[in-house]
Structure formats: C-alpha cells, structure tokens
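query28.tsv (TSV, C-alpha atoms) appears below.
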```tsv
chain	number	residue	atom	x	y	z
A	967	MET	CA	10.48	-28.77	18.71
A	968	ARG	CA	9.65	-32.39	18.06
A	969	ARG	CA	12.51	-34.94	18.08
A	970	ILE	CA	12.13	-38.15	16.07
A	971	HIS	CA	14.47	-41.15	15.95
A	972	ASP	CA	12.33	-43.62	14.01
A	973	ILE	CA	12.25	-43.22	10.21
A	974	GLU	CA	8.68	-44.50	9.85
A	975	GLU	CA	7.51	-41.98	12.44
A	976	TRP	CA	9.31	-39.29	10.43
A	977	ARG	CA	7.64	-40.37	7.19
A	978	HIS	CA	4.22	-40.36	8.86
A	979	TYR	CA	4.86	-36.92	10.41
A	980	THR	CA	5.76	-35.18	7.14
A	981	ASP	CA	2.92	-36.89	5.24
A	982	GLU	CA	0.51	-35.65	7.90
A	983	GLN	CA	1.90	-32.12	7.73
A	984	ARG	CA	1.52	-31.99	3.94
A	985	ARG	CA	-2.06	-33.24	4.20
A	986	GLY	CA	-2.64	-30.29	6.52
A	987	GLY	CA	-1.40	-27.90	3.83
A	988	ARG	CA	2.14	-27.33	5.11
A	989	ASN	CA	5.19	-27.09	2.87
A	990	ILE	CA	8.26	-28.90	4.19
A	991	GLY	CA	11.71	-27.31	4.28
A	992	LEU	CA	14.41	-29.96	4.76
A	993	VAL	CA	17.95	-29.32	6.01
A	994	THR	CA	20.16	-32.42	6.02
A	995	THR	CA	23.19	-32.23	8.32
A	996	MET	CA	25.79	-34.39	10.04
A	997	GLY	CA	25.44	-32.40	13.24
A	998	ALA	CA	28.05	-30.23	14.99
A	999	LEU	CA	25.74	-27.38	14.02
A	1000	HIS	CA	26.96	-23.80	13.55
A	1001	GLU	CA	25.74	-20.48	12.18
A	1002	GLY	CA	25.94	-21.78	8.63
A	1003	HIS	CA	23.33	-24.41	9.45
A	1004	ALA	CA	21.33	-21.81	11.37
A	1005	SER	CA	21.14	-19.64	8.24
A	1006	LEU	CA	19.55	-22.57	6.38
A	1007	PHE	CA	16.98	-23.16	9.12
A	1008	GLU	CA	16.09	-19.48	9.15
A	1009	ALA	CA	15.79	-19.30	5.36
A	1010	ALA	CA	13.39	-22.25	5.37
A	1011	LYS	CA	11.33	-20.62	8.12
A	1012	LYS	CA	11.29	-17.30	6.24
A	1013	ASN	CA	9.93	-19.12	3.17
A	1014	GLY	CA	7.02	-20.28	5.28
A	1015	ASP	CA	8.14	-23.90	5.43
A	1016	LEU	CA	7.73	-26.27	8.31
A	1017	VAL	CA	11.40	-26.89	9.04
A	1018	VAL	CA	12.68	-30.45	9.32
A	1019	ALA	CA	16.37	-30.93	10.11
A	1020	THR	CA	18.19	-34.25	10.07
A	1021	ILE	CA	21.35	-35.22	11.90
A	1022	PHE	CA	23.07	-38.34	10.66
A	1023	VAL	CA	26.82	-38.90	10.45
A	1024	ASN	CA	26.93	-40.97	7.29
A	1025	PRO	CA	29.79	-43.50	7.37
A	1026	ARG	CA	29.44	-44.29	3.66
A	1027	GLN	CA	30.92	-40.92	2.67
A	1028	PHE	CA	34.06	-41.36	4.78
A	1029	GLY	CA	36.90	-43.16	3.07
A	1030	ASP	CA	39.07	-43.02	6.20
A	1031	ALA	CA	37.73	-44.64	9.37
A	1032	ARG	CA	39.90	-42.30	11.46
A	1033	ASP	CA	38.22	-39.28	9.86
A	1034	LEU	CA	34.82	-40.75	10.73
A	1035	ASP	CA	35.88	-41.33	14.34
A	1036	ARG	CA	37.17	-37.75	14.64
A	1037	TYR	CA	34.05	-36.12	13.26
A	1038	PRO	CA	32.60	-33.90	16.03
A	1039	ARG	CA	29.36	-35.03	17.66
A	1040	THR	CA	27.40	-32.65	19.91
A	1041	PRO	CA	23.80	-33.93	19.94
A	1042	GLU	CA	22.36	-31.92	22.83
A	1043	LEU	CA	23.99	-28.67	21.75
A	1044	ASP	CA	22.74	-29.37	18.22
A	1045	ALA	CA	19.18	-29.76	19.50
A	1046	LYS	CA	19.44	-26.44	21.34
A	1047	ILE	CA	20.75	-24.62	18.24
A	1048	ALA	CA	18.09	-26.19	16.02
A	1049	GLU	CA	15.27	-25.17	18.33
A	1050	GLU	CA	16.61	-21.62	18.75
A	1051	HIS	CA	16.70	-21.14	14.97
A	1052	GLY	CA	13.22	-22.32	14.09
A	1053	VAL	CA	13.46	-26.05	13.49
A	1054	ASP	CA	10.06	-27.67	14.02
A	1055	CYS	CA	11.20	-31.28	13.86
A	1056	LEU	CA	14.68	-32.71	14.45
A	1057	VAL	CA	15.19	-36.19	13.01
A	1058	GLU	CA	18.09	-38.26	14.39
A	1059	PRO	CA	17.91	-41.70	12.79
A	1060	SER	CA	20.16	-44.50	13.95
A	1061	LEU	CA	22.83	-46.12	11.81
A	1062	GLU	CA	20.89	-49.40	12.00
A	1063	GLN	CA	17.82	-47.76	10.49
A	1064	MET	CA	19.65	-45.89	7.75
A	1065	TRP	CA	22.07	-48.64	6.69
A	1066	PRO	CA	20.87	-51.98	8.14
A	1067	GLN	CA	23.67	-53.91	6.40
A	1068	TYR	CA	26.51	-51.70	7.70
A	1069	PRO	CA	29.44	-52.33	7.86
A	1070	GLY	CA	28.60	-54.61	4.97
A	1071	PRO	CA	27.91	-53.01	1.59
A	1072	THR	CA	24.53	-51.65	0.56
A	1073	LEU	CA	23.59	-53.16	-2.79
A	1074	THR	CA	22.01	-49.97	-4.17
A	1075	THR	CA	24.27	-46.96	-4.65
A	1076	VAL	CA	23.54	-43.60	-6.28
A	1077	SER	CA	26.45	-42.39	-8.40
A	1078	VAL	CA	26.50	-39.10	-10.30
A	1079	ARG	CA	29.21	-39.72	-12.86
A	1080	GLY	CA	31.29	-36.81	-14.13
A	1081	LEU	CA	30.35	-34.56	-11.21
A	1082	GLY	CA	31.12	-36.79	-8.25
A	1083	ASP	CA	34.53	-38.03	-9.39
A	1084	VAL	CA	36.38	-34.72	-9.84
A	1085	LEU	CA	37.81	-32.26	-7.28
A	1086	GLU	CA	36.80	-33.76	-3.90
A	1087	GLY	CA	35.77	-36.96	-5.61
A	1088	GLU	CA	39.17	-37.45	-7.22
A	1089	GLY	CA	41.03	-37.36	-3.91
A	1090	ARG	CA	38.26	-39.15	-1.98
A	1091	PRO	CA	37.01	-41.99	-4.22
A	1092	GLY	CA	33.45	-43.01	-3.42
A	1093	HIS	CA	32.79	-39.95	-1.27
A	1094	PHE	CA	30.03	-38.53	-3.46
A	1095	ASP	CA	28.49	-41.95	-4.01
A	1096	GLY	CA	28.03	-42.01	-0.24
A	1097	VAL	CA	26.67	-38.45	-0.22
A	1098	ALA	CA	24.24	-38.98	-3.11
A	1099	SER	CA	23.03	-42.31	-1.69
A	1100	VAL	CA	22.27	-40.97	1.78
A	1101	VAL	CA	20.68	-37.75	0.49
A	1102	ALA	CA	18.49	-39.73	-1.92
A	1103	LYS	CA	17.33	-41.86	1.00
A	1104	LEU	CA	16.67	-38.81	3.19
A	1105	PHE	CA	14.69	-37.20	0.36
A	1106	ALA	CA	12.65	-40.39	-0.09
A	1107	LEU	CA	11.83	-40.59	3.62
A	1108	ASN	CA	10.96	-36.90	3.93
A	1109	GLY	CA	8.86	-36.71	0.75
A	1110	PRO	CA	8.16	-33.67	-1.46
A	1111	SER	CA	9.96	-30.64	-0.06
A	1112	ARG	CA	12.34	-27.76	-0.50
A	1113	ALA	CA	15.87	-28.84	0.52
A	1114	TYR	CA	18.31	-26.19	1.70
A	1115	PHE	CA	22.08	-26.45	1.27
A	1116	GLY	CA	24.98	-24.09	1.82
A	1117	GLU	CA	27.33	-23.23	-1.04
A	1118	LYS	CA	30.38	-23.94	1.13
A	1119	ASP	CA	29.94	-27.51	-0.17
A	1120	PHE	CA	29.48	-26.23	-3.72
A	1121	GLN	CA	30.30	-29.53	-5.42
A	1122	GLN	CA	27.76	-31.29	-3.22
A	1123	VAL	CA	25.07	-28.83	-4.35
A	1124	VAL	CA	25.91	-29.47	-8.01
A	1125	VAL	CA	25.87	-33.25	-7.51
A	1126	ILE	CA	22.55	-33.22	-5.65
A	1127	ARG	CA	20.87	-30.93	-8.17
A	1128	GLN	CA	21.87	-33.29	-10.97
A	1129	MET	CA	20.64	-36.29	-9.01
A	1130	VAL	CA	17.27	-34.59	-8.42
A	1131	ARG	CA	16.95	-33.80	-12.15
A	1132	ASP	CA	17.99	-37.25	-13.32
A	1133	LEU	CA	15.72	-39.13	-10.91
A	1134	ALA	CA	12.82	-36.64	-11.13
A	1135	LEU	CA	12.69	-36.37	-7.35
A	1136	PRO	CA	9.94	-34.09	-5.96
A	1137	VAL	CA	12.49	-31.82	-4.31
A	1138	GLU	CA	13.45	-28.19	-4.99
A	1139	VAL	CA	17.12	-27.62	-4.13
A	1140	VAL	CA	17.76	-24.18	-2.59
A	1141	ALA	CA	21.41	-23.10	-2.31
A	1142	LEU	CA	22.42	-20.29	0.02
A	1143	PRO	CA	25.67	-18.27	0.22
A	1144	ILE	CA	28.62	-19.33	2.34
A	1145	VAL	CA	28.58	-18.08	5.92
A	1146	ARG	CA	32.01	-16.95	7.13
A	1147	ASP	CA	33.50	-16.21	10.51
A	1148	HIS	CA	34.73	-12.70	11.30
A	1149	ASP	CA	38.20	-13.55	9.97
A	1150	GLY	CA	36.89	-14.90	6.65
A	1151	LEU	CA	37.15	-18.63	7.40
A	1152	ALA	CA	34.18	-20.51	5.93
A	1153	LEU	CA	32.14	-22.03	8.74
A	1154	SER	CA	32.51	-25.79	8.93
A	1155	SER	CA	31.83	-28.42	11.56
A	1156	ARG	CA	35.48	-29.44	11.21
A	1157	ASN	CA	36.77	-26.02	12.33
A	1158	VAL	CA	36.51	-27.08	15.97
A	1159	LEU	CA	39.32	-29.57	15.29
A	1160	LEU	CA	41.75	-26.78	14.37
A	1161	SER	CA	44.39	-25.64	16.84
A	1162	GLU	CA	44.98	-21.89	17.19
A	1163	ASP	CA	47.99	-22.10	14.87
A	1164	ALA	CA	46.19	-24.31	12.35
A	1165	ARG	CA	43.27	-21.90	12.24
A	1166	ARG	CA	45.60	-19.03	11.37
A	1167	ARG	CA	47.10	-21.10	8.55
A	1168	ALA	CA	43.64	-22.18	7.37
A	1169	LEU	CA	42.87	-18.56	6.48
A	1170	GLY	CA	45.09	-19.18	3.44
A	1171	LEU	CA	42.09	-20.76	1.69
A	1172	SER	CA	39.79	-17.73	1.92
A	1173	ARG	CA	42.73	-15.39	1.30
A	1174	ALA	CA	43.55	-17.19	-1.94
A	1175	LEU	CA	39.95	-16.86	-3.10
A	1176	ARG	CA	39.77	-13.15	-2.27
A	1177	ASP	CA	42.99	-12.60	-4.18
A	1178	VAL	CA	41.65	-14.00	-7.45
A	1179	GLN	CA	38.23	-12.43	-6.96
A	1180	SER	CA	39.74	-8.97	-6.73
A	1181	SER	CA	41.81	-9.27	-9.89
A	1182	PRO	CA	40.25	-11.08	-12.89
A	1183	ARG	CA	42.82	-12.99	-14.96
A	1184	ARG	CA	43.26	-16.16	-17.00
A	1185	ALA	CA	42.26	-19.46	-15.43
A	1186	SER	CA	45.81	-20.84	-15.34
A	1187	GLU	CA	47.04	-17.69	-13.61
A	1188	MET	CA	44.29	-18.01	-11.01
A	1189	ARG	CA	45.26	-21.60	-10.28
A	1190	THR	CA	48.92	-20.68	-9.83
A	1191	ARG	CA	48.10	-17.70	-7.63
A	1192	MET	CA	45.68	-19.59	-5.36
A	1193	ARG	CA	48.15	-22.43	-4.85
A	1194	SER	CA	50.93	-19.96	-4.06
A	1195	VAL	CA	48.85	-18.06	-1.48
A	1196	MET	CA	47.76	-21.27	0.22
A	1197	GLU	CA	51.26	-22.73	0.33
A	1198	GLU	CA	52.66	-19.49	1.75
A	1199	ALA	CA	50.07	-19.70	4.53
A	1200	GLY	CA	51.14	-23.24	5.41
A	1201	VAL	CA	48.27	-25.15	3.80
A	1202	GLU	CA	48.99	-28.59	2.32
A	1203	VAL	CA	47.18	-27.99	-0.99
A	1204	SER	CA	44.90	-30.73	-2.32
A	1205	TYR	CA	43.68	-28.68	-5.29
A	1206	ALA	CA	43.20	-25.12	-6.46
A	1207	ASP	CA	41.08	-25.00	-9.58
A	1208	VAL	CA	38.77	-22.82	-11.64
A	1209	VAL	CA	35.78	-24.69	-13.04
A	1210	ASP	CA	32.53	-24.33	-14.89
A	1211	PRO	CA	29.88	-23.94	-12.13
A	1212	PHE	CA	27.51	-26.41	-13.82
A	1213	THR	CA	29.78	-29.15	-15.16
A	1214	LEU	CA	32.69	-28.73	-12.70
A	1215	GLN	CA	35.09	-29.17	-15.60
A	1216	ALA	CA	38.35	-27.22	-15.48
A	1217	CYS	CA	38.32	-23.98	-17.46
A	1218	ALA	CA	40.72	-23.33	-20.34
A	1219	ASP	CA	42.62	-20.07	-20.72
A	1220	GLU	CA	40.61	-19.02	-23.77
A	1221	GLU	CA	37.40	-19.03	-21.74
A	1222	ARG	CA	35.96	-15.95	-20.13
A	1223	GLY	CA	33.03	-15.06	-17.90
A	1224	PRO	CA	31.71	-16.18	-14.51
A	1225	ARG	CA	33.22	-19.38	-13.14
A	1226	ARG	CA	33.87	-20.96	-9.73
A	1227	ALA	CA	37.20	-21.08	-7.92
A	1228	MET	CA	37.50	-24.24	-5.81
A	1229	VAL	CA	40.19	-24.89	-3.19
A	1230	ALA	CA	40.93	-27.64	-0.70
A	1231	GLY	CA	43.78	-28.39	1.63
A	1232	VAL	CA	44.90	-29.99	4.87
A	1233	VAL	CA	45.90	-27.92	7.89
A	1234	GLY	CA	46.95	-29.56	11.14
A	1235	GLY	CA	45.54	-32.87	9.93
A	1236	VAL	CA	42.13	-31.33	9.15
A	1237	ARG	CA	40.85	-31.25	5.58
A	1238	LEU	CA	39.08	-28.00	4.61
A	1239	ILE	CA	37.34	-26.81	1.45
A	1240	ASP	CA	36.21	-23.40	0.21
A	1241	ASN	CA	35.07	-21.75	-3.00
A	1242	ALA	CA	33.98	-18.46	-4.50
A	1243	PRO	CA	32.53	-17.08	-7.73
A	1244	VAL	CA	35.18	-15.53	-9.99
A	1245	GLU	CA	35.36	-13.78	-13.36
A	1246	ILE	CA	38.01	-15.02	-15.74
A	1247	VAL	CA	39.38	-13.06	-18.68
A	1248	SER	CA	41.23	-14.28	-21.74
A	1249	ARG	CA	44.18	-11.99	-21.08
A	1250	GLY	CA	45.76	-11.41	-17.69
A	1251	ARG	CA	45.50	-7.95	-16.23
```
In structure tokens, how does this file's structure come out?
Amino acid sequence: MRRIHDIEEWRHYTDEQRRGGRNIGLVTTMGALHEGHASLFEAAKKNGDLVVATIFVNPRQFGDARDLDRYPRTPELDAKIAEEHGVDCLVEPSLEQMWPQYPGPTLTTVSVRGLGDVLEGEGRPGHFDGVASVVAKLFALNGPSRAYFGEKDFQQVVVIRQMVRDLALPVEVVALPIVRDHDGLALSSRNVLLSEDARRRALGLSRALRDVQSSPRRASEMRTRMRSVMEEAGVEVSYADVVDPFTLQACADEERGPRRAMVAGVVGGVRLIDNAPVEIVSRGR
C-alpha cells in the first residue's frame, strides 16, 4: 500500500493510474477506521477499482473545538486496517495543505441549502458547509472516480449527491448499508469514546428504529415512539424524525410509503446518529 502526504503527489498518482486504464474508487474518512470503513474499501475493490482512501480530520465541520480535540486519532492502526482491506493508496494530507488559511476563514465555501441546514445541520450550524467544502476539495484533488459512503451518515450522502449533481462533478456516489455491531449499535469512530454504561444506553437509538420498522404507522406516531424509546434508554434526544429520503423534509401524517427515520442523541457526552428505512401509513395500526 502506498502512503501519500502531499496533495500534488496524490493528484499526479491518480492521473497516472487513470491514464493506465484504472478506475479509481475513493473512500474519504476522518480516520479511527472500523469495519464500516472496511466494508467500503472492500466494495470498491470488488467493483474492480483501484482503492484510494483519505484520512483527514476536517476542523471546518466541527462547531465545538472540544469535540474536535476529542475526536479519536489512530494513524498507524488505520494504515494497518486500510492495507488489510484492500486499499492501494492511503492519502493523509496535512491541515496546512488542505486549509492553508486555518484557523482563519477560507473564502470559498460550498453550501447545499435546504439539505445541509436541517436535522444535523439545525443543531450544528455550518457543519455541512464544512463537510461539503472538504469533500468537494477531495473530489477535485482525486479526479474522476466512484466515491463510496456509508448510509450511517445518511444526511451526508444526500448532501454530497446533491452537490455532485449541482456542480456536475465527475464523481459517481455509491452508498452502502449501515454496518452494525453484534448488539445493533451502528459502527462509528465515536463509539470508542463511550463508557460501558453509555454504550448500553446508546442502544436506545437502534432500538427505537427497529421498533418503528417493525410496525408501520403514521409519521407523528413514529416520532413520538422513537423519542420515547430513546428517552427510556437514557439518551438525551437531539431529534427523532421521519423524512423524505431525497429532500429530508419532515413527513406529514397524510403521507404514506417508504421514508427514512432519522435519530440523534447524546450519551455520556458523545453525540451519536442513526437511521433506517421505514414505511409509513396514513392510519396507525
């Protein structure tokens, strides 16, 4: 596995690979890799792509400096996991190369209005501007590719797909199902920050989703039920909503059909998100 730290070397490497007839599969990460990331690497490899993974903890998507400081960083373990799961090139750019003006503002920002300011965006203003801006830059440096994302960050996938469409970027966004631990908790780099007790309480998120998946009902009833299950588990609920999977707008009770249940909460000082596809009906059952 090749490791690159210089962004111009990265650009040259992928250009050279494409000239040689290779398709590039890109997986953008912030490190602290786990089996969810591994599933993305393996999917890219299975598609016949040359797999490029990036690790960059992007400060522009953190509204709270303490949250940025706490974010887990395990570079050598990450490199081992990446190599074991088929990554051909691991790119680890420096903060100075990605955002030369930091901590000052970057004059150009990518903002996906209407999708990036609801749900996570409502409670974390500017978060998705930071996400869209860094992903746009990573796409530009990597060049034409397939980009693989996990649906655990479902809103992120929706935001990035819209950005790709609006800017006509030469990138195909591939979304893969959530990978869960044996107890149902969605895999996340932040899970390592959970104490044993907090992890037990965190299962309230996936439990709430399973509850509404197993019993279709009206959207308002789903919201009430998810919030109740999470609160009973000891989760400080940030939101529990049922939304259109394309627009992320909240569903009305008269709607029916496939939608997305989205939940977020804080457990032991750690913010967690989860989601699942659901079927809503106009009358509760």
Polymer residues at most 12 Å from His1148 (chain A), all atoms listed in the file, same-chain spacing of 6 or more positions, as a PyMOL selection string: chain A and resi 1001+1169+1172
All residues 6 Å or closer to Val1208 (chain A), all atoms listed in the file, same chain fewer than 6 positions away omitted, as a ChimeraX atom specification: /A:1216-1217,1226-1227
Using all atoms listed in the file, which protein or nucleic acid residues come within 9 Å of region 1234-1241 of chain A? Drop anything in the same chain fewer than 5 positions from it, and give the result as an mmCIF file with C-alpha atoms, in the frame of the given file.
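Final output, saved to part-v1.cif:
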```cif
data_model
loop_
_atom_site.group_PDB
_atom_site.id
_atom_site.type_symbol
_atom_site.label_atom_id
_atom_site.label_comp_id
_atom_site.auth_asym_id
_atom_site.auth_seq_id
_atom_site.Cartn_x
_atom_site.Cartn_y
_atom_site.Cartn_z
ATOM 1 C CA ASP A 1033 38.220 -39.280 9.860
ATOM 2 C CA GLU A 1086 36.800 -33.760 -3.900
ATOM 3 C CA GLU A 1117 27.330 -23.230 -1.040
ATOM 4 C CA LYS A 1118 30.380 -23.940 1.130
ATOM 5 C CA ASP A 1119 29.940 -27.510 -0.170
ATOM 6 C CA PHE A 1120 29.480 -26.230 -3.720
ATOM 7 C CA ILE A 1144 28.620 -19.330 2.340
ATOM 8 C CA LEU A 1151 37.150 -18.630 7.400
ATOM 9 C CA ALA A 1152 34.180 -20.510 5.930
ATOM 10 C CA SER A 1154 32.510 -25.790 8.930
ATOM 11 C CA ARG A 1156 35.480 -29.440 11.210
ATOM 12 C CA ASN A 1157 36.770 -26.020 12.330
ATOM 13 C CA LEU A 1159 39.320 -29.570 15.290
ATOM 14 C CA LEU A 1160 41.750 -26.780 14.370
ATOM 15 C CA SER A 1161 44.390 -25.640 16.840
ATOM 16 C CA ASP A 1163 47.990 -22.100 14.870
ATOM 17 C CA ALA A 1164 46.190 -24.310 12.350
ATOM 18 C CA ARG A 1165 43.270 -21.900 12.240
ATOM 19 C CA ARG A 1167 47.100 -21.100 8.550
ATOM 20 C CA ALA A 1168 43.640 -22.180 7.370
ATOM 21 C CA LEU A 1171 42.090 -20.760 1.690
ATOM 22 C CA SER A 1172 39.790 -17.730 1.920
ATOM 23 C CA LEU A 1175 39.950 -16.860 -3.100
ATOM 24 C CA VAL A 1201 48.270 -25.150 3.800
ATOM 25 C CA SER A 1204 44.900 -30.730 -2.320
ATOM 26 C CA ARG A 1226 33.870 -20.960 -9.730
ATOM 27 C CA ALA A 1227 37.200 -21.080 -7.920
ATOM 28 C CA MET A 1228 37.500 -24.240 -5.810
ATOM 29 C CA VAL A 1229 40.190 -24.890 -3.190
#
```
Test item: residues at most 8 Å from His1051 (chain A), all atoms listed in the file, excluding those fewer than 2 positions along its chain, as a PyMOL selection string: chain A and resi 1004+1007-1008+1047-1049+1053
Near-Asp1015 (chain A) list (6 Å; all atoms listed in the file; drop same-chain fewer than 3 positions) as JSON, numbers by chain: {"A": [989, 990, 991, 1010, 1011]}
Include C-alpha atoms and write out the residues we just selected as a PDB file, keeping the file's coordinate frame.
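File written: selection.pdb
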```
ATOM      1  CA  ASN A 989       5.190 -27.090   2.870  1.00  0.00           C
ATOM      2  CA  ILE A 990       8.260 -28.900   4.190  1.00  0.00           C
ATOM      3  CA  GLY A 991      11.710 -27.310   4.280  1.00  0.00           C
ATOM      4  CA  ALA A1010      13.390 -22.250   5.370  1.00  0.00           C
ATOM      5  CA  LYS A1011      11.330 -20.620   8.120  1.00  0.00           C
TER       6      LYS A1011
END
```
Within 12 Å of file point (13.8, -53.5, 8.3), counting all atoms listed in the file, expressed as a ChimeraX atom specification: /A:972-974,1062-1067
Counting only C-alpha atoms, the residue of A:Glu1245, A:Gly1109, A:Glu1220, A:Gly1150 that sits nearest Arg985 (chain A):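 Comparing A:Glu1245, A:Gly1109, A:Glu1220, A:Gly1150 against Arg985 (chain A), the winner is A:Gly1109.
With distances taken over all atoms listed in the file, A:His1003 is the one residue among A:Arg1039, A:Arg1222, A:His1003, A:Arg1131 lying closest to Gly1052 (chain A).
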Distance query 12 Å from (20.1, -25.5, -0.9) using all atoms listed in the file, result as number ranges by chain: A: 991-995, 1002-1003, 1005-1007, 1009-1010, 1111-1127, 1137-1144
